[in-house]
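Below is one structure, written out as structure tokens; the observations come after it.
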Amino acid sequence: MKPSLPATASASLAQSSPTVGSFGERDGALEWTGRQETVRLEPWGPDAIRVRARLGGPLLEDLPGALLDDPPPAAASVRIEAGQASLTCGAITARIGADGMIRFETTEGGRELLAEQRAHFWWPGPRLRTATGNGYHRIEQLFKAYEGERLYGLGQHQHGLLDQKGAVIDLVQRNSEVAIPVLTSSRGYTLLWNNPAIGRVELAATGTRWVADSARQIDYWITAGDPAAAQRRYTAVTGRAPMLPEWAAGFWQCKLRYRTQEELLAVAREHKRRGLPIDAIVCDFFHWTHLGDWKFDPVEWPDPAAMTRELERLGIKLVVSVWPSVSPLSENHDTMEQRGLLVGTEYGPTAHADWPDVREGERLHVAFYDATNPRAREFVWSRVRENYLEPYGIRAFWLDACEPELKPGFPANLRYHAGPGPEVGNLYPRENARAIHEGMRAAGEEEVVTLNRSAWAGSQRYGAALWSGDIGTDFATLRRQIAAGLNVALSGIPWWNTDIGGFHGGDPDDPAYREVLIRWFQFGALSPIMRLHGFRDPGLPLGPGMTGGPNEVWSYGEEAERILGSYLRLRERLKPYVLAQMRAAHEEGLPPLRPLFLEFPGDEAAWGVADAYLLGPDLLVAPVLEAGATERSAYLPAGARWTDAWTGDSWEGGRTVTVPAPLDRIPLFLRDDARLPVREP
């Protein structure tokens, strides 16, 4: 490490003993040390810098996080002067003073992007640590707030906000609430809080504060550039999604739940009899012998080989539900417990939730396997391989309840292979997807698709599709999914979908609900992944025999079937376009679902549109989000000419237009000279 120049710092009279640290250069990185704290700034991919800070010792190199081990190469330079130092990496420059305060700015022009802020003029500084014992701290990292700044990303939340400035977001995984700690700012930066700890982020008018309830060091990554450039940089350092298989870009049929092999096959056959496109059908939970056996119950699924052969002849993929929980009645429970493959507990028995098991009248206390343990991932995959892949050729899996679904949700009581629950708890869903991805690749399988109820930063690199969880079934909930999906897209996850029609209820015979279902189906047809699911009325209580009401295209009356069928055919016509956007996600990191400002960052109005989006660069989608609506107003971004895909009317962008939206039409607009087969021949 090169020795530093003498450092000086101007001191406020309020500071009786100001911190004056020293600088050094180590392997192309800039280090500052002062009062037992070490801060390292290093280039981490083009136009990007990684910052780590630890109190009381050298930096820890092996903590779990989202960043790939080897960043893309980037040219960078360190400059050390009296009283300050800087690291420049392409478009971004970080400056750190003798007092350890960091400021990020554009390399060209020196415009401030983001700067640390003291919590108080005297104590503490911008990085606060409160000891929780044994080298762990409650960590706070404080940055300045900026008037007019808009903030996006942070995974998936049900608050309905696209711009989350002013919100406090819990960093914890829950059903329908997915914590992915990456934030995109309208000021031209994107920041990843590279820490899977339970905590929160406060996006206040007085400052932005990241909080980890219990961790050992600060770790974050920041890049400069517009949102599209930032997505390219972010996915380059956290991993890009594999190419989506062609079948997965089609229609997925699903309900809670098909109870038997014959019931599922009857639906598949009826789709083909009616000439309705279908690419996948889902076998939901309780198809197993016991939770954690990971195999078919022979009573209700007597011949899976014959079932998969028939589905293959029909051109339909079977997707099977794989839960991460293990019943004490499972044939695998004792082995997994003895080998330490279950999530441990600090207090009490190894049990994390209560859940009904097959043919048992009462709930049992079940455990979750430890997805952060490589040996546990290998064990679970061995069961999936031997019971689904090898005998039946099943290659697609639904990873439900993978937050994990704790009851009660006490992360502090959990002990993972990767670390204590408060420090690593948000990591679980990504590592659960990793189990299938690594297993499939080891088995020589090229295509890996899993449907996940939760995710963390980097889940995309393991072929994880995210859906928005168990949500309501009304127009207000539908509206919230648009903002949720767009923020997911800005969090690096390109494969995203909702339960079309929502999850909790919905009466297929109710005209009001039929309208919700139709409008939601239209939105689903123009989503990255199109999947119909839900627990329709009348539903039976939770248990092995449960099922919901019918949830097929023909379940909602003749008019609905006609409209829904037309959108199934539209999806088929658009499948090449959807796959082209999936190719862009795979190769460049650009999501198929895009907020308007991703393509039009120079249009100020585009940054505020939360009820419409772009599917790829050329198709603007404005879903109908109100009951009884027959027209829809939509903002068309400046910088392009837009054509109504249904009528052929066109307008220059930078204006709001109102177009017809009868029940069978979702407003769609084509950009400039784009030609897509929207209208049915």
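Residues in the structure tokens are numbered from 1 in each chain, the chains being A, B, ... in the order shown, and ligands are numbered from 1 in the order shown.
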For this session: Show which residues sit within 10 Å of range 83-97 of chain A, as JSON, numbers by chain. Count only C-alpha atoms, and ignore same-chain residues fewer than 4 positions away.
Result: {"A": [4, 5, 6, 7, 8, 9, 10, 20, 21, 22, 23, 24, 25, 28, 29, 30, 31, 32, 39, 41, 42, 43, 44, 45, 46, 47, 48, 49, 51, 74, 75, 76, 77, 78, 79, 101, 102, 103, 104, 105, 106, 107, 108, 110, 111, 112, 113, 114, 115, 116, 189, 222, 223, 224, 225]}
Exercise. Leaving out Ala215 in chain A and any residue of its chain fewer than 3 positions from it, which residues lie within 9 Å of it when counting only C-alpha atoms, given as a list in words?
Worked result: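 My list of contacting residues is Thr132, Gly135, Tyr136, His137, Arg138, Ile139, Asn195, Ala197, Ala212, Ile218, Pro422, Glu423 and Val424 of chain A.
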Restricting it to N, CA and C atoms, dump the selection as a PDB file, in the first residue's frame.
ATOM      1  N   THR A 132     -24.249  -4.494  18.655  1.00  0.00           N
ATOM      2  CA  THR A 132     -25.252  -5.490  19.048  1.00  0.00           C
ATOM      3  C   THR A 132     -24.585  -6.730  19.631  1.00  0.00           C
ATOM      4  N   GLY A 135     -18.977  -8.251  17.656  1.00  0.00           N
ATOM      5  CA  GLY A 135     -18.495  -7.691  16.406  1.00  0.00           C
ATOM      6  C   GLY A 135     -19.574  -7.248  15.441  1.00  0.00           C
ATOM      7  N   TYR A 136     -20.836  -7.415  15.807  1.00  0.00           N
ATOM      8  CA  TYR A 136     -21.955  -6.985  14.969  1.00  0.00           C
ATOM      9  C   TYR A 136     -22.458  -5.625  15.438  1.00  0.00           C
ATOM     10  N   HIS A 137     -23.007  -4.878  14.484  1.00  0.00           N
ATOM     11  CA  HIS A 137     -23.541  -3.557  14.784  1.00  0.00           C
ATOM     12  C   HIS A 137     -24.867  -3.346  14.065  1.00  0.00           C
ATOM     13  N   ARG A 138     -25.676  -2.513  14.649  1.00  0.00           N
ATOM     14  CA  ARG A 138     -26.767  -1.913  13.885  1.00  0.00           C
ATOM     15  C   ARG A 138     -26.148  -0.775  13.096  1.00  0.00           C
ATOM     16  N   ILE A 139     -26.205  -0.874  11.778  1.00  0.00           N
ATOM     17  CA  ILE A 139     -25.470   0.044  10.908  1.00  0.00           C
ATOM     18  C   ILE A 139     -26.429   1.010  10.236  1.00  0.00           C
ATOM     19  N   ASN A 195     -26.027  -5.717   0.817  1.00  0.00           N
ATOM     20  CA  ASN A 195     -26.116  -6.242   2.170  1.00  0.00           C
ATOM     21  C   ASN A 195     -27.460  -6.955   2.332  1.00  0.00           C
ATOM     22  N   ALA A 197     -28.870  -7.999   4.971  1.00  0.00           N
ATOM     23  CA  ALA A 197     -29.382  -7.894   6.341  1.00  0.00           C
ATOM     24  C   ALA A 197     -30.816  -7.386   6.363  1.00  0.00           C
ATOM     25  N   ALA A 212     -29.138  -1.450   8.472  1.00  0.00           N
ATOM     26  CA  ALA A 212     -29.025  -2.896   8.647  1.00  0.00           C
ATOM     27  C   ALA A 212     -29.121  -3.190  10.136  1.00  0.00           C
ATOM     28  N   ILE A 218     -20.279  -1.945   6.232  1.00  0.00           N
ATOM     29  CA  ILE A 218     -21.022  -1.252   5.195  1.00  0.00           C
ATOM     30  C   ILE A 218     -20.467  -1.685   3.836  1.00  0.00           C
ATOM     31  N   PRO A 422     -30.591 -12.037  11.234  1.00  0.00           N
ATOM     32  CA  PRO A 422     -30.643 -10.593  10.975  1.00  0.00           C
ATOM     33  C   PRO A 422     -29.614 -10.123   9.950  1.00  0.00           C
ATOM     34  N   GLU A 423     -28.488 -10.843   9.819  1.00  0.00           N
ATOM     35  CA  GLU A 423     -27.426 -10.420   8.908  1.00  0.00           C
ATOM     36  C   GLU A 423     -27.655 -10.880   7.473  1.00  0.00           C
ATOM     37  N   VAL A 424     -28.295 -12.044   7.269  1.00  0.00           N
ATOM     38  CA  VAL A 424     -28.357 -12.621   5.919  1.00  0.00           C
ATOM     39  C   VAL A 424     -29.773 -13.002   5.500  1.00  0.00           C
TER      40      VAL A 424
END
Problem set entry | Spatial neighbours of range 629-640 of chain A, 10 Å, only C-alpha atoms, chain gap at least 5 places, as a ChimeraX atom specification | /A:596-597,599-607,609,611-612,620-624,651-673
Exercise. How many Å lie between CA of Pro681 in chain A and CA of Trp642 in chain A, rounded to one decimal?
Worked result: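 These atoms are spaced 21.8 Å apart.
Across the structure, CA of Asn332 in chain A and CA of Ala443 in chain A are spaced 21.8 Å apart.
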For this session: Determine which residues of range 557-644 of chain A DSSP labels as strand (DSSP E or B) from the backbone of this structure, then write them out as JSON, numbers by chain.
Result: {"A": [593, 594, 613, 614, 615, 619, 620, 621, 631, 632, 633, 634, 635, 636, 641, 642, 643, 644]}
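The coordinates place CA of Ile500 in chain A at 6.1 Å from CA of Gly524 in chain A.
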Exercise. Near Thr477 in chain A, within 10 Å and counting only C-alpha atoms, which residues show up once chain neighbours fewer than 3 positions away are dropped, as a count of residues only?
Worked result: 13
For this session: Go through A:Phe410, A:Trp381, A:Trp646, A:Tyr462 one by one, measure the shortest atom-to-atom distance of each to Ile493 in chain A using only C-alpha atoms, and give the residue with the smallest value.
Result: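 Among the listed residues, the smallest separation from Ile493 in chain A belongs to A:Tyr462.
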For this session: Give the answer as one residue: which of A:Leu615, A:Arg415, A:Gly348, A:Val326 has the shortest atom-to-atom distance to Ala584 in chain A, using only C-alpha atoms?
Result: A:Leu615
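Minimum atom-to-atom distance to Ala560 in chain A, evaluated using only C-alpha atoms, belongs to A:Ile518 out of A:Leu540, A:Cys283, A:Ile518, A:Leu579.
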For this session: Fewer than 2 positions away in the same chain doesn't count, so skip those; otherwise give me all residues within 12 Å of Ser566 in chain A, counting only C-alpha atoms, as a ChimeraX atom specification.
Result: /A:275-277,518,521-522,525,553,559-564,568-573,664-666,678-681
Exercise. Among range 396-446 of chain A, which residues carry a DSSP assignment of helix (DSSP H, G or I), reported as a ChimeraX atom specification?
Worked result: /A:411-413,421-442
Could you please take those selected residues and save C-alpha atoms as a PDB file, in the first residue's frame?
ATOM      1  CA  PRO A 411     -35.422 -13.421  11.702  1.00  0.00           C
ATOM      2  CA  ALA A 412     -33.404 -12.989  14.894  1.00  0.00           C
ATOM      3  CA  ASN A 413     -34.273 -16.554  15.910  1.00  0.00           C
ATOM      4  CA  GLY A 421     -30.806 -14.380  10.477  1.00  0.00           C
ATOM      5  CA  PRO A 422     -30.643 -10.593  10.975  1.00  0.00           C
ATOM      6  CA  GLU A 423     -27.426 -10.420   8.908  1.00  0.00           C
ATOM      7  CA  VAL A 424     -28.357 -12.621   5.919  1.00  0.00           C
ATOM      8  CA  GLY A 425     -32.117 -13.165   6.079  1.00  0.00           C
ATOM      9  CA  ASN A 426     -32.969 -11.472   2.766  1.00  0.00           C
ATOM     10  CA  LEU A 427     -30.660 -13.805   0.859  1.00  0.00           C
ATOM     11  CA  TYR A 428     -32.910 -16.873   1.128  1.00  0.00           C
ATOM     12  CA  PRO A 429     -35.096 -16.605  -2.008  1.00  0.00           C
ATOM     13  CA  ARG A 430     -32.109 -16.072  -4.287  1.00  0.00           C
ATOM     14  CA  GLU A 431     -30.268 -19.074  -2.877  1.00  0.00           C
ATOM     15  CA  ASN A 432     -33.418 -21.183  -3.153  1.00  0.00           C
ATOM     16  CA  ALA A 433     -33.589 -20.398  -6.894  1.00  0.00           C
ATOM     17  CA  ARG A 434     -29.882 -21.162  -7.067  1.00  0.00           C
ATOM     18  CA  ALA A 435     -30.525 -24.723  -5.859  1.00  0.00           C
ATOM     19  CA  ILE A 436     -32.612 -25.523  -8.940  1.00  0.00           C
ATOM     20  CA  HIS A 437     -30.396 -23.558 -11.322  1.00  0.00           C
ATOM     21  CA  GLU A 438     -27.183 -25.237 -10.241  1.00  0.00           C
ATOM     22  CA  GLY A 439     -28.833 -28.645 -10.183  1.00  0.00           C
ATOM     23  CA  MET A 440     -30.331 -28.289 -13.648  1.00  0.00           C
ATOM     24  CA  ARG A 441     -27.052 -27.075 -15.115  1.00  0.00           C
ATOM     25  CA  ALA A 442     -25.171 -29.946 -13.457  1.00  0.00           C
TER      26      ALA A 442
END
For this session: Considering only C-alpha atoms, return as JSON, numbers by chain whatever protein or nucleic-acid residues lie within 9 Å of Pro391 in chain A, sequence-local ones (same chain, fewer than 5 positions apart) excluded.
Result: {"A": [304, 305, 385, 386]}
For this session: Could you give me, as JSON, numbers by chain, the residues within 8 Å of range 167-171 of chain A, counting only C-alpha atoms and dropping anything in the same chain fewer than 2 positions from it?
Result: {"A": [164, 165, 173, 179, 180, 181, 197, 198, 199, 200, 201, 202, 203, 204, 426]}
Exercise. Nearest to Asn487 in chain A: which of A:Glu310, A:Asp163, A:Glu149, A:Glu403 is it, counting only C-alpha atoms?
Worked result: A:Asp163
